[in-house]
Amino acid sequence: MMAPIHQSLEKRIKRHVIGKSHDFFAVTAPGFEALCLAELAALELKGLAVPGGVQFAGRLSYCYLANLSLRTASRVLMRVFSFQAVHFSELERRIGEFAWELFLKPGTLKKINVTTHRCRLHHTDAIVERVRDGIVRRLRPLGDAGQADIPQQVFVRGMRDRFTVSIDSSGESLYLRGIKAHHGKAPLRETIAAAALMRGGVTGAEILLDPMCGTGTFSLEAALIAKNIPPGWFRSFAFAGWPGFRPQRWDHLRRKAAETFKVLGSPRIFASDLDPQACSALADSLRAHGLSDAASVACRDFFSLNPQDISDRPGVVVINPPYGRRLGQAAESRELIRAILARIREHFSGWAFILLTPADRDLPLAGLSTAVYPFFHGGLSVNVIVGRVLTS
């Protein structure tokens, strides 16, 4: 049984939270696991890719670094304990005995997420109620933390009667970079844009053309990459509200990251769109976050654009054309994507390209060297087509 709450809480936090290694899980969209694992390796963190994400272990600072740096993860969970339960009485007892005071401040728990698979306890609402009651009772002797503290959420996953309990370290989903104040119709998530850019081999050193930029997800993500700014730089995280959070360590990680930021002599990313409001909003976002040296915006039509006016050497053209809810009829989407491919084939000799399309499209790819990567976006099966226009 855990020590009583009143025993030197700060000492117990140092011993059991700050001074220990923990198990973490970086949640990803299906198909992104290998990319996320490579990102962790670049941070010199060892992980194991499993369906739905990547497992890794280490001190709390590893969790800080993962939230700050991972472009393809949607959130990072810290697994705090697991137990077997086949009756609600067992569930209530194990939850109530756990030392929640080491991980949560009283009054900050806002949401409990429960999933079960092949468990005798499978009524998720009943599980949520008992987990919440157990946590609240455990923390009640500490009083109320007040309204200023950061909201927290707990994840409970049941598999064959074994329950794993995790605390969310991220807060809002990590695709929310804290940059975009404007949102279009069915906007592309930043995690998907990052994965597509990675699949296309984008490093930030090449010329990149985003000629149907819309809300600018690709351009903003590419600008962060070009300037070596981590994706979480402009946002906050739930771990800052944990009892064991150490601001000095977090500030140190941010200072180390800032030392590698780049200032570019001229833009490498060229965004354009037919919608002047979208162009204006993207330009505002770039300016507000110090990214204008990496990307520029103009209102232009892709089908009249000459790539030689942008660069005298081939670069990468990335296109997320309207489809599904953004365009309406499948026939319209199919014809637009065919026209885009024809334009790329005719005018972008030697260029690499990244094209997002619905997975059910039969596309003319002759004369193009391509690889296809499937994923899901907005309930649709979508392909990232990565290729290069062969020179004659």
# chains A, B, ... in the order shown; residues from 1 in each chain; ligands from 1
$ closest_atom_pairs --of "segment 271-361 of chain A" --to "segment 246-264 of chain A" --cutoff "12 Å" --atoms "only C-alpha atoms" --output "JSON lines"
{"residue": "A:Gly290", "atom": "CA", "partner": "A:Val263", "partner_atom": "CA", "distance": 9.5}
{"residue": "A:Leu291", "atom": "CA", "partner": "A:Val263", "partner_atom": "CA", "distance": 9.1}
{"residue": "A:Ser292", "atom": "CA", "partner": "A:Leu264", "partner_atom": "CA", "distance": 9.2}
{"residue": "A:Asp293", "atom": "CA", "partner": "A:Leu264", "partner_atom": "CA", "distance": 5.5}
{"residue": "A:Ala294", "atom": "CA", "partner": "A:Leu264", "partner_atom": "CA", "distance": 6.2}
{"residue": "A:Ala295", "atom": "CA", "partner": "A:Leu264", "partner_atom": "CA", "distance": 9.7}
$ write_last_selection --atoms "C-alpha atoms" --output "compact mmCIF listing (two decimals), in the first residue's frame"
# COMPACT_ATOMS: atom_id res chain seq x y z
CA GLY A 290 9.06 35.10 -36.91
CA LEU A 291 8.84 32.76 -39.90
CA SER A 292 8.77 35.29 -42.74
CA ASP A 293 12.44 34.71 -43.52
CA ALA A 294 11.57 31.09 -44.36
CA ALA A 295 8.33 31.48 -46.33
$ residues_around --residues "Leu104 of chain A" --least-positions-apart "3" --cutoff "8 Å" --atoms "only C-alpha atoms" --output "PyMOL selection string"
chain A and resi 100-101+108-109+152+241-243
$ residues_around --residues "segment 194-206 of chain A" --least-positions-apart "6" --cutoff "8 Å" --atoms "only C-alpha atoms" --output "PDB file with N, CA and C atoms, in the first residue's frame"
ATOM      1  N   PHE A  32       2.133   5.985 -38.831  1.00  0.00           N
ATOM      2  CA  PHE A  32       3.152   6.983 -38.504  1.00  0.00           C
ATOM      3  C   PHE A  32       4.171   6.469 -37.491  1.00  0.00           C
ATOM      4  N   LEU A  35       7.925   6.603 -38.433  1.00  0.00           N
ATOM      5  CA  LEU A  35       8.413   7.980 -38.515  1.00  0.00           C
ATOM      6  C   LEU A  35       8.663   8.547 -37.120  1.00  0.00           C
ATOM      7  N   ARG A  71       7.153  15.732 -34.268  1.00  0.00           N
ATOM      8  CA  ARG A  71       6.258  16.312 -35.266  1.00  0.00           C
ATOM      9  C   ARG A  71       5.108  15.381 -35.641  1.00  0.00           C
ATOM     10  N   THR A  72       5.291  14.063 -35.484  1.00  0.00           N
ATOM     11  CA  THR A  72       4.270  13.121 -35.945  1.00  0.00           C
ATOM     12  C   THR A  72       3.435  12.521 -34.816  1.00  0.00           C
ATOM     13  N   PHE A 218       1.090  23.079 -44.673  1.00  0.00           N
ATOM     14  CA  PHE A 218       2.370  22.612 -45.208  1.00  0.00           C
ATOM     15  C   PHE A 218       3.446  23.688 -45.109  1.00  0.00           C
ATOM     16  N   GLU A 221       4.543  24.238 -41.427  1.00  0.00           N
ATOM     17  CA  GLU A 221       5.326  23.111 -40.930  1.00  0.00           C
ATOM     18  C   GLU A 221       6.717  23.107 -41.567  1.00  0.00           C
ATOM     19  N   ALA A 222       6.762  23.371 -42.875  1.00  0.00           N
ATOM     20  CA  ALA A 222       8.052  23.403 -43.572  1.00  0.00           C
ATOM     21  C   ALA A 222       8.918  24.557 -43.074  1.00  0.00           C
ATOM     22  N   ALA A 223       8.290  25.693 -42.717  1.00  0.00           N
ATOM     23  CA  ALA A 223       9.047  26.832 -42.196  1.00  0.00           C
ATOM     24  C   ALA A 223       9.695  26.490 -40.859  1.00  0.00           C
ATOM     25  N   ILE A 225      10.590  23.516 -39.926  1.00  0.00           N
ATOM     26  CA  ILE A 225      11.688  22.599 -40.243  1.00  0.00           C
ATOM     27  C   ILE A 225      12.892  23.371 -40.777  1.00  0.00           C
ATOM     28  N   ALA A 226      12.644  24.302 -41.696  1.00  0.00           N
ATOM     29  CA  ALA A 226      13.740  25.062 -42.309  1.00  0.00           C
ATOM     30  C   ALA A 226      14.504  25.881 -41.275  1.00  0.00           C
ATOM     31  N   LYS A 227      13.802  26.388 -40.267  1.00  0.00           N
ATOM     32  CA  LYS A 227      14.443  27.212 -39.246  1.00  0.00           C
ATOM     33  C   LYS A 227      14.875  26.399 -38.022  1.00  0.00           C
ATOM     34  N   ARG A 268      12.748  30.044 -48.563  1.00  0.00           N
ATOM     35  CA  ARG A 268      12.890  28.802 -49.323  1.00  0.00           C
ATOM     36  C   ARG A 268      11.538  28.171 -49.614  1.00  0.00           C
ATOM     37  N   GLY A 315      12.978  21.827 -57.168  1.00  0.00           N
ATOM     38  CA  GLY A 315      12.734  21.723 -55.738  1.00  0.00           C
ATOM     39  C   GLY A 315      11.671  20.674 -55.473  1.00  0.00           C
ATOM     40  N   VAL A 316      10.822  20.959 -54.484  1.00  0.00           N
ATOM     41  CA  VAL A 316       9.735  20.053 -54.122  1.00  0.00           C
ATOM     42  C   VAL A 316       8.426  20.830 -54.203  1.00  0.00           C
ATOM     43  N   ALA A 352      10.735  17.090 -57.427  1.00  0.00           N
ATOM     44  CA  ALA A 352      10.065  16.104 -56.582  1.00  0.00           C
ATOM     45  C   ALA A 352       8.675  16.648 -56.255  1.00  0.00           C
ATOM     46  N   PHE A 353       7.749  15.741 -55.958  1.00  0.00           N
ATOM     47  CA  PHE A 353       6.410  16.203 -55.593  1.00  0.00           C
ATOM     48  C   PHE A 353       5.825  15.341 -54.488  1.00  0.00           C
ATOM     49  N   ILE A 354       4.943  15.964 -53.696  1.00  0.00           N
ATOM     50  CA  ILE A 354       4.177  15.293 -52.646  1.00  0.00           C
ATOM     51  C   ILE A 354       2.721  15.672 -52.884  1.00  0.00           C
ATOM     52  N   VAL A 384      -0.627   9.508 -49.519  1.00  0.00           N
ATOM     53  CA  VAL A 384       0.434  10.465 -49.803  1.00  0.00           C
ATOM     54  C   VAL A 384       1.237   9.864 -50.954  1.00  0.00           C
ATOM     55  N   VAL A 386       4.344  10.252 -53.213  1.00  0.00           N
ATOM     56  CA  VAL A 386       5.651  10.904 -53.242  1.00  0.00           C
ATOM     57  C   VAL A 386       6.346  10.471 -54.518  1.00  0.00           C
ATOM     58  N   GLY A 387       6.858  11.422 -55.262  1.00  0.00           N
ATOM     59  CA  GLY A 387       7.503  11.044 -56.519  1.00  0.00           C
ATOM     60  C   GLY A 387       8.403  12.113 -57.067  1.00  0.00           C
TER      61      GLY A 387
END
$ atom_distance --atom1 "atom CA of Glu39 of chain A" --atom2 "atom CA of Tyr373 of chain A"
18.1 Å
$ closest_residue --among "A:Cys299, A:Ile135, A:Ile179, A:Ala41" --to "Gly232 of chain A" --atoms "only C-alpha atoms"
A:Ile179
$ select_by_dssp --residues "segment 89-303 of chain A" --states "helix (DSSP H, G or I)" --output "ChimeraX atom specification"
/A:89-97,100-102,124-142,190-199,217-226,238-241,247-258,276-288,302-303
$ residues_around --residues "Arg59 of chain A" --least-positions-apart "6" --cutoff "8 Å" --atoms "only C-alpha atoms" --output "PyMOL selection string"
chain A and resi 18-22
$ closest_residue --among "A:Ala281, A:Ala66, A:Ala99, A:Ala193" --to "Phe375 of chain A" --atoms "only C-alpha atoms"
A:Ala193
$ select_by_dssp --residues "segment 159-250 of chain A" --states "strand (DSSP E)" --output "MDAnalysis selection string"
chainID A and resid 159 162:168 208:210
$ atom_distance --atom1 "atom CA of Ile13 of chain A" --atom2 "atom CA of Gly244 of chain A"
6.1 Å
